[in-house]
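Asker: Here's a structure for you.
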Amino acid sequence: MSWIVTGMGAVASIGGSVEEIFDSLVAGRSGLGPLRGYDRDKFRAQVAYEIDDRPAPGVDEPLRATRWLEQAVAAAAADAGLGDDLSSVPVLVGTTLRELRSVELSWRDGIPFDAADLHFGTMLRRRFGAADTHTVANACSASLYALAMGADLLEAGAADTVVVAGVDTITESTYGLLDRCYPEAPDRVRPFDRARRGMLQGEGAVAVVLRRQADGPGAAARVHARVRGVAVNCDAYHPSAPDAKSIAAAVQEAHRRAGVRPADIDLVMLHGTGTPLNDEAESTALGSVFAGLDVSPYMTAIKSMTGHTAGASGLHSLVAAVDVLRTGTVPPTVYLDDPVEAVAGFRLVRGVAERPAEPMRLAQIDSFGFGGLNAVAVIERAGASDE
Amino acid sequence: MSDFATADAVITGMGSAVRGLDGPWQLLSALPDGHREAADPVSRLSGRGLRYKDRATKLAMVAARDALRAAALLDEAGDLTVPGESVGVSVSTNYGNADTVCETVRTIAESTYLGTSPMMLPATSSNVVASWVAITHGLRGANLTLCNGPTSGLDAVNWARLLIGSGRVERMLVVGVEPDNPAVRHVTGAAQEGAGEVPELFDGAVALVVESRASAQARGVRPLAVLGPYARRARHADAVSEVRRRAAGTVGLWCVPEHPEGVRAPAAGLGAAAGSAVPVHDLSALYGPASGALGVLQCAAGVVWLEGRSGAVDEVVLASAGTGDAGGDDAGAALLLAGAGGAA
């Protein structure tokens, strides 16, 4: 079975809509900025990829993630012609940190927070009338895991339309512990660069509307892309370090589900967090999957501009991939000045955006998370099968 | 959601980690007198690495091991008897890692990031329980963590069934877990310990193995119960009527939601959708508010009840969680369970 994306919405540090985000990516504009909501004296790292919407510098407030999710879902639903009524539409939300930033503010600073807002169903019910809602806390592969679950629901005939979303804000606990883990404070996210120092978090939300291809776009004005297959698995190996063999297995399963061969893939949206562990595992896995090809697919890592948007990051990459396939322009991986040896054979787009001469049809989106959670999707440019 | 693969998902093993209970087969009963003095279930774990695991993870590991063993998925040596790729994990917890998050942010306030231990990093992510359960037993299939409010446990059971039905895995280990600690009491607004009549929060875990009937047959394992229809709706009564419309049988036991007025309030406010005079099993009243663990607890208790009624095959168990419009929760979910020879 195949599925179609009929609506998209997104928010990130580099833009408040799918269009703004893609424009920033193509222009190489990064959302990196000084830490805005925390007491900077408590940390060695001083920067992150935050959305600049706090009430005042240094003043944090609860429910920011919920607000962005609402914005992304509203945009995707409107784009798909669904309006504001999702009372008969399942909504699956992938997230790493839920509203745990609000819990931190409540616990430490006494800022009121209702436990009912820890999962996103409460807002989705109030705002969109949605009742079949699921907050899936699947770490940094959560939104692509949710995409697999949404595709399964449609395949089972359990729904005709599904909203799949991802959202994350930065918690101080995670930011501080990452700061504690790295030998040096990261200055920016530099995937696959020898000067990488680790990962920095980003903020944002993203949503897509998914339907069975056979049913057509319904009330939507257009089809953005076709989802060919989504694979998920678990390393069952280490709580934070990834496993290259398991990642390769997920990629190969995604290809199998999509009915494609490695040579068919035109573009890989890398997970690319800029940690040595991820870079090594992802490059090893892709090296084995794409071994034997004369030239590798084009590859890029948008976390170099969005930061690691965690549970939202997989769908952020997918939505960007839709626009890459549509426009034929691949955003660069910025600050990738001195690539590590392991990616020497990869056609990484660096410096400035590239426009390959041949039209691109198929994109692979990588998304990996703590707990060895791997999710990989393959999408196809809208209309490409008819050519 | 539809009847997709409904007839094919069965429960083949259970485990629990609840102070004062010897195992899941006691889940129809109140906690015994003196249960507070009973051994902590996590004392059944041994080995390295426990120091840096949060309480929810340790509780879940105890229940998970027992459920896998009961379903004959672990051999005498504790090794998996089926390929790791064929087993997924579905965990439900709303407050499992609140303690790590709260303690860490306080440590940072008092002594900067340098006061933290890097070993705690994985537990800041809400999937840490599912992660450790998978690592412990080599479960390499789809791995889910539902943090979905009051309905979360029933949702996790249903997602297990869906992932089996879609062919991603052959079997799923489902775990419902909530710890009781100061961070959870703060977030939930529960009174701090020792504050009089307020019931204790549930502090424990329960685990189920869900698999296709074909898988159970192929392994020669007897199904304990069959998962019936599930629905999540804005109104609790609509969720209940939806699952009852889709399956035959008389409700012989109703495992009720936690109530908005507190766990000791009557269930009458939820309406008589289950039928009049149905015996009610209120696990929150017996064991304390169980939040994300409740739905899995209900299913385990339902299995115990069904096993005790092995002759009466037309009677089903209704589990419902989340009060929906009746009590201000975002939704209500309902799930039916039938005996392994039964109709649902």
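Letters for chains follow the order of the structure tokens (A, B, ...), residue numbers begin at 1 for each chain, and ligand numbers begin at 1 in the order shown.
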Can I get the residues of chain A within 7 Å of chain B, each with the closest pair of atoms and their distance in Å to one decimal, using only C-alpha atoms, sorted chain first then ascending number, as a tab-separated table?
Answerer:
```
residue	atom	partner	partner_atom	distance
A:Lys42	CA	B:Thr112	CA	4.4
A:Phe43	CA	B:Tyr113	CA	5.7
A:Thr96	CA	B:Ser125	CA	5.8
A:Leu97	CA	B:Ser125	CA	6.1
A:Val103	CA	B:Val187	CA	6.9
A:Glu104	CA	B:Cys102	CA	5.8
A:Trp107	CA	B:Cys102	CA	6.5
A:Arg108	CA	B:Arg106	CA	6.4
A:Ala115	CA	B:Thr188	CA	5.8
A:Ala116	CA	B:Gly149	CA	6.8
A:His119	CA	B:Asn148	CA	5.5
A:Gly121	CA	B:Asp330	CA	6.1
A:Thr122	CA	B:Asp330	CA	5.0
A:Arg125	CA	B:Asp330	CA	6.0
A:Ala131	CA	B:Ala234	CA	5.0
A:Asp132	CA	B:Arg232	CA	5.4
A:His134	CA	B:Asn148	CA	5.8
A:Thr135	CA	B:Asn148	CA	5.1
A:Val136	CA	B:Leu146	CA	4.8
A:Ala137	CA	B:Thr145	CA	5.2
A:Asn138	CA	B:Asn127	CA	5.7
A:Ala139	CA	B:Asn127	CA	6.2
A:Asp152	CA	B:Ser166	CA	6.2
A:Ala156	CA	B:Phe4	CA	6.1
A:Gly157	CA	B:Ser2	CA	6.9
A:Ala158	CA	B:Met1	CA	4.5
A:Ala159	CA	B:Met1	CA	6.8
A:Glu172	CA	B:Val105	CA	6.3
A:Ser173	CA	B:Val105	CA	5.2
A:Thr174	CA	B:Thr124	CA	6.0
A:Gly176	CA	B:Tyr113	CA	5.0
A:Leu177	CA	B:Leu121	CA	5.6
A:Asp179	CA	B:Tyr113	CA	6.9
A:Arg180	CA	B:Pro118	CA	6.0
A:Cys181	CA	B:Pro118	CA	5.5
A:Val232	CA	B:Ala142	CA	5.9
A:Asn233	CA	B:Ala142	CA	4.8
A:Cys234	CA	B:Arg140	CA	4.6
A:Asp235	CA	B:Arg140	CA	5.8
A:Ala236	CA	B:Ile135	CA	4.1
A:Tyr237	CA	B:Ile135	CA	5.4
A:His238	CA	B:Ile135	CA	6.7
A:Pro239	CA	B:Pro122	CA	6.1
A:Ser240	CA	B:Pro122	CA	6.3
A:Phe370	CA	B:Pro122	CA	6.9
A:Gly371	CA	B:Ser131	CA	4.5
```
Asker: Output C-alpha atoms for every residue in that selection, as a CSV table (one decimal), in the first residue's frame.
Answerer:
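Heads up, here's the output in result-v6.csv:
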```csv
chain,number,residue,atom,x,y,z
A,42,LYS,CA,24.4,27.4,35.2
A,43,PHE,CA,25.8,26.0,31.9
A,96,THR,CA,10.8,13.1,23.2
A,97,LEU,CA,10.1,15.5,26.1
A,103,VAL,CA,6.9,20.3,34.8
A,104,GLU,CA,10.4,21.7,35.5
A,107,TRP,CA,8.5,22.0,40.3
A,108,ARG,CA,11.4,24.5,40.6
A,115,ALA,CA,-1.0,17.5,34.7
A,116,ALA,CA,-3.6,17.0,32.0
A,119,HIS,CA,0.0,14.8,27.0
A,121,GLY,CA,-4.6,15.1,23.7
A,122,THR,CA,-6.0,17.8,26.1
A,125,ARG,CA,-9.5,17.9,22.2
A,131,ALA,CA,-10.6,12.4,20.7
A,132,ASP,CA,-8.6,9.6,19.1
A,134,HIS,CA,-2.0,9.5,21.0
A,135,THR,CA,1.1,11.0,22.5
A,136,VAL,CA,3.9,8.7,21.5
A,137,ALA,CA,7.1,9.4,23.5
A,138,ASN,CA,9.5,7.6,21.3
A,139,ALA,CA,12.6,9.8,21.7
A,152,ASP,CA,-0.7,1.1,9.7
A,156,ALA,CA,-6.0,-1.5,8.6
A,157,GLY,CA,-9.0,0.5,7.5
A,158,ALA,CA,-9.3,2.0,11.0
A,159,ALA,CA,-9.4,5.5,9.6
A,172,GLU,CA,16.8,22.3,31.1
A,173,SER,CA,17.4,18.8,32.5
A,174,THR,CA,18.3,17.4,29.1
A,176,GLY,CA,22.3,20.4,31.3
A,177,LEU,CA,23.0,16.6,31.1
A,179,ASP,CA,26.4,19.7,28.6
A,180,ARG,CA,27.8,17.4,31.3
A,181,CYS,CA,28.4,14.6,28.8
A,232,VAL,CA,10.8,0.9,12.6
A,233,ASN,CA,12.9,-1.2,14.9
A,234,CYS,CA,14.9,-1.1,18.1
A,235,ASP,CA,18.6,-1.8,18.6
A,236,ALA,CA,18.1,-3.3,22.1
A,237,TYR,CA,21.7,-2.5,22.6
A,238,HIS,CA,22.4,0.7,24.6
A,239,PRO,CA,20.3,3.5,26.1
A,240,SER,CA,22.0,6.2,24.2
A,370,PHE,CA,17.7,7.2,22.4
A,371,GLY,CA,16.9,3.6,23.3
```
Asker: When DSSP is applied to the backbone of this structure, which of segment 23-230 of chain B are assigned helix (DSSP H, G or I)? Write them out as a PyMOL selection string.
Answerer: chain B and resi 24-26+35-37+41-44+50-52+55-70+84-86+98-111+113-115+118-124+128-137+149-165+182-188+213-219
Asker: Fewer than 2 positions away in the same chain doesn't count, so skip those; otherwise give me all residues within 7 Å of segment 374-381 of chain A, counting only C-alpha atoms, as an mmCIF file with N, CA and C atoms, in the first residue's frame.
Answerer:
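Once written, out20.cif looks like this:
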```cif
data_model
loop_
_atom_site.group_PDB
_atom_site.id
_atom_site.type_symbol
_atom_site.label_atom_id
_atom_site.label_comp_id
_atom_site.auth_asym_id
_atom_site.auth_seq_id
_atom_site.Cartn_x
_atom_site.Cartn_y
_atom_site.Cartn_z
ATOM 1 N N SER A 141 13.205 9.604 17.398
ATOM 2 C CA SER A 141 12.619 9.072 16.171
ATOM 3 C C SER A 141 11.094 9.084 16.263
ATOM 4 N N LEU A 144 8.640 9.943 13.138
ATOM 5 C CA LEU A 144 8.608 8.946 12.053
ATOM 6 C C LEU A 144 8.046 7.624 12.555
ATOM 7 N N TYR A 145 8.259 7.296 13.829
ATOM 8 C CA TYR A 145 7.563 6.142 14.415
ATOM 9 C C TYR A 145 6.050 6.366 14.306
ATOM 10 N N ALA A 225 3.111 14.625 -1.593
ATOM 11 C CA ALA A 225 4.068 13.551 -1.833
ATOM 12 C C ALA A 225 3.385 12.224 -1.534
ATOM 13 N N ARG A 226 4.051 11.165 -1.966
ATOM 14 C CA ARG A 226 3.561 9.823 -1.699
ATOM 15 C C ARG A 226 4.509 9.175 -0.686
ATOM 16 N N VAL A 227 3.952 8.572 0.337
ATOM 17 C CA VAL A 227 4.770 7.817 1.294
ATOM 18 C C VAL A 227 4.801 6.367 0.818
ATOM 19 N N ARG A 228 5.989 5.880 0.541
ATOM 20 C CA ARG A 228 6.108 4.526 -0.021
ATOM 21 C C ARG A 228 6.278 3.460 1.054
ATOM 22 N N GLY A 229 6.902 3.826 2.179
ATOM 23 C CA GLY A 229 7.078 2.830 3.231
ATOM 24 C C GLY A 229 7.798 3.426 4.427
ATOM 25 N N VAL A 230 7.489 2.911 5.605
ATOM 26 C CA VAL A 230 8.147 3.367 6.828
ATOM 27 C C VAL A 230 8.530 2.135 7.643
ATOM 28 N N ALA A 231 9.790 2.039 8.001
ATOM 29 C CA ALA A 231 10.266 0.916 8.815
ATOM 30 C C ALA A 231 10.617 1.405 10.215
ATOM 31 N N VAL A 232 10.376 0.570 11.206
ATOM 32 C CA VAL A 232 10.785 0.894 12.575
ATOM 33 C C VAL A 232 11.423 -0.342 13.207
ATOM 34 N N ASN A 233 12.387 -0.121 14.085
ATOM 35 C CA ASN A 233 12.921 -1.221 14.886
ATOM 36 C C ASN A 233 13.583 -0.667 16.137
ATOM 37 N N CYS A 234 14.256 -1.543 16.865
ATOM 38 C CA CYS A 234 14.919 -1.129 18.106
ATOM 39 C C CYS A 234 16.241 -1.880 18.209
ATOM 40 N N ILE A 247 20.627 0.039 12.436
ATOM 41 C CA ILE A 247 20.227 1.149 11.566
ATOM 42 C C ILE A 247 20.173 0.675 10.118
ATOM 43 N N ALA A 250 17.088 -1.239 9.476
ATOM 44 C CA ALA A 250 15.899 -0.390 9.347
ATOM 45 C C ALA A 250 15.836 0.252 7.964
ATOM 46 N N VAL A 251 16.996 0.702 7.474
ATOM 47 C CA VAL A 251 17.031 1.317 6.133
ATOM 48 C C VAL A 251 16.633 0.284 5.085
ATOM 49 N N ALA A 254 12.990 -0.374 5.150
ATOM 50 C CA ALA A 254 12.239 0.731 4.534
ATOM 51 C C ALA A 254 12.263 0.602 3.017
ATOM 52 N N ALA A 258 9.059 -0.104 0.626
ATOM 53 C CA ALA A 258 8.783 0.854 -0.450
ATOM 54 C C ALA A 258 8.893 0.210 -1.824
ATOM 55 N N VAL A 322 9.987 16.767 1.015
ATOM 56 C CA VAL A 322 8.884 16.988 0.069
ATOM 57 C C VAL A 322 9.199 18.197 -0.809
ATOM 58 N N LEU A 325 12.076 17.502 -3.310
ATOM 59 C CA LEU A 325 11.624 16.762 -4.488
ATOM 60 C C LEU A 325 10.791 17.664 -5.405
ATOM 61 N N ARG A 326 10.024 18.550 -4.799
ATOM 62 C CA ARG A 326 9.140 19.428 -5.584
ATOM 63 C C ARG A 326 9.950 20.487 -6.332
ATOM 64 N N ARG A 361 13.289 11.842 -7.518
ATOM 65 C CA ARG A 361 12.003 11.169 -7.363
ATOM 66 C C ARG A 361 11.799 10.595 -5.965
ATOM 67 N N LEU A 362 12.838 9.972 -5.423
ATOM 68 C CA LEU A 362 12.689 9.237 -4.170
ATOM 69 C C LEU A 362 13.638 9.755 -3.096
ATOM 70 N N ALA A 363 13.091 9.965 -1.909
ATOM 71 C CA ALA A 363 13.911 10.417 -0.785
ATOM 72 C C ALA A 363 13.778 9.447 0.374
ATOM 73 N N GLN A 364 14.894 9.221 1.045
ATOM 74 C CA GLN A 364 14.934 8.416 2.265
ATOM 75 C C GLN A 364 15.148 9.364 3.432
ATOM 76 N N ILE A 365 14.355 9.189 4.491
ATOM 77 C CA ILE A 365 14.486 10.055 5.665
ATOM 78 C C ILE A 365 14.903 9.202 6.847
ATOM 79 N N ASP A 366 16.030 9.548 7.458
ATOM 80 C CA ASP A 366 16.564 8.814 8.608
ATOM 81 C C ASP A 366 16.144 9.495 9.908
ATOM 82 N N SER A 367 15.835 8.690 10.916
ATOM 83 C CA SER A 367 15.494 9.251 12.224
ATOM 84 C C SER A 367 15.801 8.213 13.294
ATOM 85 N N PHE A 368 16.708 8.567 14.191
ATOM 86 C CA PHE A 368 17.137 7.619 15.222
ATOM 87 C C PHE A 368 17.031 8.284 16.589
ATOM 88 N N GLY A 369 16.788 7.467 17.617
ATOM 89 C CA GLY A 369 16.615 8.070 18.934
ATOM 90 C C GLY A 369 17.220 7.248 20.051
ATOM 91 N N GLY A 372 17.893 3.291 21.105
ATOM 92 C CA GLY A 372 18.088 2.564 19.858
ATOM 93 C C GLY A 372 16.847 2.480 19.007
ATOM 94 N N GLY A 383 3.139 12.658 -8.115
ATOM 95 C CA GLY A 383 2.975 12.543 -9.559
ATOM 96 C C GLY A 383 4.092 11.821 -10.267
ATOM 97 N N ALA A 384 5.173 11.475 -9.544
ATOM 98 C CA ALA A 384 6.330 10.880 -10.214
ATOM 99 C C ALA A 384 6.009 9.525 -10.837
#
```
Asker: Taking only residues of segment 27-82 of chain A that have an atom at most 8 Å from an atom of segment 204-214 of chain A, what is each one's shortest atom pair and its distance in Å to one decimal, using only C-alpha atoms, in chain and number order, as JSON lines?
Answerer:
```
{"residue": "A:Ile51", "atom": "CA", "partner": "A:Gly204", "partner_atom": "CA", "distance": 7.2}
{"residue": "A:Ala65", "atom": "CA", "partner": "A:Gly204", "partner_atom": "CA", "distance": 7.4}
{"residue": "A:Trp68", "atom": "CA", "partner": "A:Ala205", "partner_atom": "CA", "distance": 5.6}
{"residue": "A:Leu69", "atom": "CA", "partner": "A:Ala205", "partner_atom": "CA", "distance": 5.3}
{"residue": "A:Ala72", "atom": "CA", "partner": "A:Val206", "partner_atom": "CA", "distance": 5.3}
{"residue": "A:Val73", "atom": "CA", "partner": "A:Ala207", "partner_atom": "CA", "distance": 5.4}
{"residue": "A:Ala76", "atom": "CA", "partner": "A:Val208", "partner_atom": "CA", "distance": 5.7}
{"residue": "A:Ala77", "atom": "CA", "partner": "A:Val209", "partner_atom": "CA", "distance": 6.8}
{"residue": "A:Ala80", "atom": "CA", "partner": "A:Val209", "partner_atom": "CA", "distance": 6.7}
```
Asker: Write the residues of the preceding selection, restricted to N, CA, C and O atoms, as a compact mmCIF listing (two decimals), in the first residue's frame.
Answerer:
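File written: again_24.txt
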```txt
# COMPACT_ATOMS: atom_id res chain seq x y z
N ILE A 51 13.01 28.70 19.48
CA ILE A 51 12.03 29.60 18.89
C ILE A 51 11.95 30.83 19.80
O ILE A 51 11.80 30.71 21.02
N ALA A 65 5.54 24.14 23.87
CA ALA A 65 5.45 23.04 22.92
C ALA A 65 4.01 22.83 22.46
O ALA A 65 3.74 22.63 21.27
N TRP A 68 3.09 25.40 19.81
CA TRP A 68 3.64 25.14 18.47
C TRP A 68 2.92 23.97 17.81
O TRP A 68 2.69 23.98 16.60
N LEU A 69 2.61 22.96 18.61
CA LEU A 69 1.90 21.82 18.04
C LEU A 69 0.55 22.27 17.49
O LEU A 69 0.15 21.87 16.38
N ALA A 72 1.12 23.98 14.18
CA ALA A 72 1.48 23.07 13.08
C ALA A 72 0.29 22.22 12.65
O ALA A 72 0.05 22.02 11.45
N VAL A 73 -0.47 21.72 13.62
CA VAL A 73 -1.63 20.88 13.27
C VAL A 73 -2.69 21.72 12.56
O VAL A 73 -3.28 21.29 11.57
N ALA A 76 -1.54 22.22 8.97
CA ALA A 76 -1.64 21.00 8.17
C ALA A 76 -3.10 20.67 7.87
O ALA A 76 -3.45 20.28 6.74
N ALA A 77 -3.95 20.82 8.87
CA ALA A 77 -5.37 20.50 8.68
C ALA A 77 -6.00 21.46 7.68
O ALA A 77 -6.77 21.05 6.80
N ALA A 80 -4.95 20.64 4.20
CA ALA A 80 -5.59 19.41 3.69
C ALA A 80 -7.09 19.58 3.52
O ALA A 80 -7.80 18.63 3.19
```
Asker: As a list of chain:residue names, please: every residue in segment 50-193 of chain B that a backbone DSSP assignment puts in strand (DSSP E).
Answerer: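 So the strand (DSSP E) residues in segment 50-193 of chain B would be B:Val87, B:Gly88, B:Val89, B:Ser90, B:Val91, B:Ser92, B:Asn143, B:Leu144, B:Thr145, B:Leu146, B:Arg171, B:Met172, B:Leu173, B:Val174, B:Val175, B:Gly176, B:Val177, B:Glu178.
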Asker: Compare A:Val352, A:Thr275, A:Lys303, A:Ala74 by their minimum atom-to-atom distance to Leu86 of chain A, counting only C-alpha atoms, and give me the closest one.
Answerer: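 Of the candidates, the smallest distance to Leu86 of chain A is held by A:Ala74.
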Asker: Determine, counting only C-alpha atoms, which protein, DNA and RNA residues have an atom within 12 Å of an atom of Arg36 of chain B; residues of the same chain fewer than 5 positions away are not included. Present the result as number ranges by chain.
Answerer: B: 18-21, 31, 41, 200, 203, 287
Asker: Interatomic distance between atom CA of Ala48 of chain A and atom CA of Glu20 of chain A?
Answerer: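 Separation between atom CA of Ala48 of chain A and atom CA of Glu20 of chain A: 19.3 Å.
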Asker: List the spatial neighbours of Ile170 of chain A as a list in words - criterion: any atom at most 7 Å away, only C-alpha atoms, same-chain residues fewer than 3 positions off excluded.
Answerer: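 My reading of the contact set: Arg101, Tyr175, Gln201, Gly202 and Glu203 of chain A.
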Asker: Could you save those same residues with N, CA, C and O atoms as a PDB file, in the first residue's frame?
Answerer:
```
ATOM      1  N   ARG A 101       9.151  20.462  30.102  1.00  0.00           N
ATOM      2  CA  ARG A 101       9.682  21.781  30.467  1.00  0.00           C
ATOM      3  C   ARG A 101       8.697  22.494  31.405  1.00  0.00           C
ATOM      4  O   ARG A 101       9.116  23.172  32.339  1.00  0.00           O
ATOM      5  N   TYR A 175      19.257  19.561  28.552  1.00  0.00           N
ATOM      6  CA  TYR A 175      20.318  20.478  28.106  1.00  0.00           C
ATOM      7  C   TYR A 175      21.519  20.407  29.060  1.00  0.00           C
ATOM      8  O   TYR A 175      22.671  20.316  28.618  1.00  0.00           O
ATOM      9  N   GLN A 201      20.256  21.141  20.997  1.00  0.00           N
ATOM     10  CA  GLN A 201      18.838  20.940  20.757  1.00  0.00           C
ATOM     11  C   GLN A 201      18.206  22.116  20.015  1.00  0.00           C
ATOM     12  O   GLN A 201      18.668  23.248  20.081  1.00  0.00           O
ATOM     13  N   GLY A 202      17.119  21.792  19.328  1.00  0.00           N
ATOM     14  CA  GLY A 202      16.310  22.791  18.658  1.00  0.00           C
ATOM     15  C   GLY A 202      14.864  22.630  19.069  1.00  0.00           C
ATOM     16  O   GLY A 202      14.490  21.631  19.691  1.00  0.00           O
ATOM     17  N   GLU A 203      14.065  23.621  18.751  1.00  0.00           N
ATOM     18  CA  GLU A 203      12.654  23.589  19.117  1.00  0.00           C
ATOM     19  C   GLU A 203      11.788  23.614  17.865  1.00  0.00           C
ATOM     20  O   GLU A 203      12.172  24.191  16.846  1.00  0.00           O
TER      21      GLU A 203
END
```
Asker: For Thr323 of chain B, which of B:Ala285, B:Ile11, B:Ala237, B:Leu80 is the closest residue, counting only C-alpha atoms?
Answerer: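 Smallest separation from Thr323 of chain B among the options: B:Ala237.
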Asker: Write out as a PyMOL selection string each polymer residue whose atoms come within 6 Å of segment 340-349 of chain A, counting only C-alpha atoms; drop sequence neighbours fewer than 6 positions from it.
Answerer: chain A and resi 192-194+296+298-300+332
Asker: Between A:Ala12, A:Met305, A:Asp323, A:Pro186, which is the closest to His224 of chain A once you count only C-alpha atoms?
Answerer: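 The closest residue to His224 of chain A is A:Asp323.
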Asker: Give me the residues near segment 246-259 of chain B as number ranges by chain, where near means some atom within 6 Å (using only C-alpha atoms) and where sequence neighbours in that chain fewer than 6 positions away do not count.
Answerer: B: 279-282, 298, 314-322, 344
